[in-house]
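Visitor: Have a look at this one before I ask anything.
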Amino acid sequence: MKKKSILSIAAAALLLVGCGSIGTSGLFGGIDGAGALGNVIVSVLGINKVSEANLAGTWNYKSPGCAFTTDNLLAKAGGEVAAAKIRSELLPHYQSLGITASNTSFTFKQDRTFSGKLAGKSINGTYVYDESTGRIDLKTLLMSISGYVTMSTSGINLLFESKKILGIMQTLGALSGNTTIGAVSEISKNYNGVRIGFELSR
C-alpha cells in the first residue's frame, strides 16, 4: 500500500469515526466506530501486548483477525482501519472452511502446553511465548509454526503470516474439496504483508 493511500485512509477513517459517521456496517464490516478507533489507539501507542499470565486460559473464536506487519505508526493507524474491512472480506472464506465459534478454540496452560480445535479438528502440543514481542511458537506432532498474539478490543488476536494459513489448514486436514482449498489459497495470495488468523474471546 502506498504511503499516500495509507495517509488518506487514516485521515478519512479517523475523521469519520470522530464524527460518528461509521456504524456497524460498511467499511468496518460489523465493527463499530468506537471499537475501530480503540484498535487504532492501541496500535499507535504500542500497548497491545499480552502478558503470559493473561494468555493462560481458554479462548473461543469470535471472528477473523488481522494486522498489518509494518512498523510505521501512520501505516499502523491506516492499517487498523483497513484491517476492519479485511476482516469482513475474510469472513465468508472462514465460513466456507467451516470455522465457527462452536468448533474453534484454543486453551493455553501455564505449563506451556496447549490444546484446542480448528474447524472441529483437534490440535495439541507445546508453546513458547515471548510477551515482549508477542511471538508465540506452537509445536505439535504434525507441525511447528510461529504466530503473534496481540490484544483486541474484546480479547486477543492469534495471528500468522498469511502465506502460512494454507499450510496450517492442510496439515490439520481441515480442507475438503477444491472450493475450500481455493478459499484458503485466495487468503494466502491476497493478503501478503498482513498477518491473519483469529480474534478470540473468553
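Going by the C-alpha cells order, chains are called A, B, ..., each with residues numbered from 1, while ligands are numbered from 1 in the order shown.
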Show me, as a list in words, the residues that have an atom within 10 Å of A:Ser162 when counting only C-alpha atoms, minus same-chain residues fewer than 2 positions from it.
Guide: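 Non-adjacent residues within range: Cys66, Leu159, Phe160, Lys164, Ile165, Leu166, Gly167, Val184, Ser185, Glu186, Ile187, Ser188, Lys189, Asn190, Tyr191, Asn192, Gly193, Val194, Arg195, Ile196 and Gly197 of chain A.
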Visitor: Save the residues we just selected, C-alpha atoms, as a PDB file, in the first residue's frame?
Guide:
ATOM      1  CA  CYS A  66      -5.713  -9.468  11.088  1.00  0.00           C
ATOM      2  CA  LEU A 159      -2.238 -14.175  14.012  1.00  0.00           C
ATOM      3  CA  PHE A 160       0.038 -15.804  11.448  1.00  0.00           C
ATOM      4  CA  LYS A 164       1.265 -19.937   6.369  1.00  0.00           C
ATOM      5  CA  ILE A 165      -2.504 -20.222   6.739  1.00  0.00           C
ATOM      6  CA  LEU A 166      -2.793 -22.682   3.840  1.00  0.00           C
ATOM      7  CA  GLY A 167      -0.139 -24.923   5.390  1.00  0.00           C
ATOM      8  CA  VAL A 184      -7.589 -20.551   1.616  1.00  0.00           C
ATOM      9  CA  SER A 185      -5.377 -20.059  -1.426  1.00  0.00           C
ATOM     10  CA  GLU A 186      -7.097 -16.736  -2.031  1.00  0.00           C
ATOM     11  CA  ILE A 187      -6.436 -15.743   1.574  1.00  0.00           C
ATOM     12  CA  SER A 188      -2.737 -16.589   1.362  1.00  0.00           C
ATOM     13  CA  LYS A 189      -2.362 -14.863  -2.015  1.00  0.00           C
ATOM     14  CA  ASN A 190      -4.362 -11.687  -1.468  1.00  0.00           C
ATOM     15  CA  TYR A 191      -3.142 -10.636   1.963  1.00  0.00           C
ATOM     16  CA  ASN A 192       0.630 -10.606   1.613  1.00  0.00           C
ATOM     17  CA  GLY A 193       2.111  -8.334   4.256  1.00  0.00           C
ATOM     18  CA  VAL A 194      -0.853  -8.894   6.561  1.00  0.00           C
ATOM     19  CA  ARG A 195      -0.942 -11.280   9.496  1.00  0.00           C
ATOM     20  CA  ILE A 196      -4.258 -13.062   9.641  1.00  0.00           C
ATOM     21  CA  GLY A 197      -5.829 -15.550  11.979  1.00  0.00           C
TER      22      GLY A 197
END
Visitor: Any idea what's packed within 8 Å of A:Ile156, counting only C-alpha atoms, ignoring anything in its chain fewer than 3 positions away? Could you give it as a tab-separated table (two decimals) with C-alpha atoms, in the first residue's frame?
Guide:
chain	number	residue	atom	x	y	z
A	50	VAL	CA	-0.48	-9.67	26.12
A	149	VAL	CA	-0.62	-12.64	19.98
A	150	THR	CA	-1.99	-9.11	20.33
A	151	MET	CA	-4.79	-7.51	22.27
A	152	SER	CA	-8.12	-6.75	20.63
A	153	THR	CA	-10.99	-4.70	22.00
A	199	GLU	CA	-9.94	-12.89	17.04
A	200	LEU	CA	-10.63	-14.77	20.28
A	201	SER	CA	-12.58	-14.03	23.43
Visitor: Extract, using only C-alpha atoms, all DNA, RNA and protein residues at most 9 Å from A:Ser102, discarding same-chain residues fewer than 5 positions from it, and format them as a ChimeraX atom specification.
Guide: /A:60-61,119-120
Visitor: Would you mind reading off the distance between atom CA of A:Asn54 and atom CA of A:Ile145, one decimal, in Å?
Guide: 21.2 Å
Visitor: What is the distance, in Å and to one decimal place, between atom CA of A:Leu142 and atom CA of A:Asp130?
Guide: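 Going from atom CA of A:Leu142 over to atom CA of A:Asp130 covers 22.4 Å.
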Visitor: Of the candidates A:Gln110, A:Asn103, A:Ser88, A:Thr69, which one gets nearest to A:Gly147 if we count only C-alpha atoms?
Guide: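 That would be A:Thr69, the residue with the smallest distance to A:Gly147.
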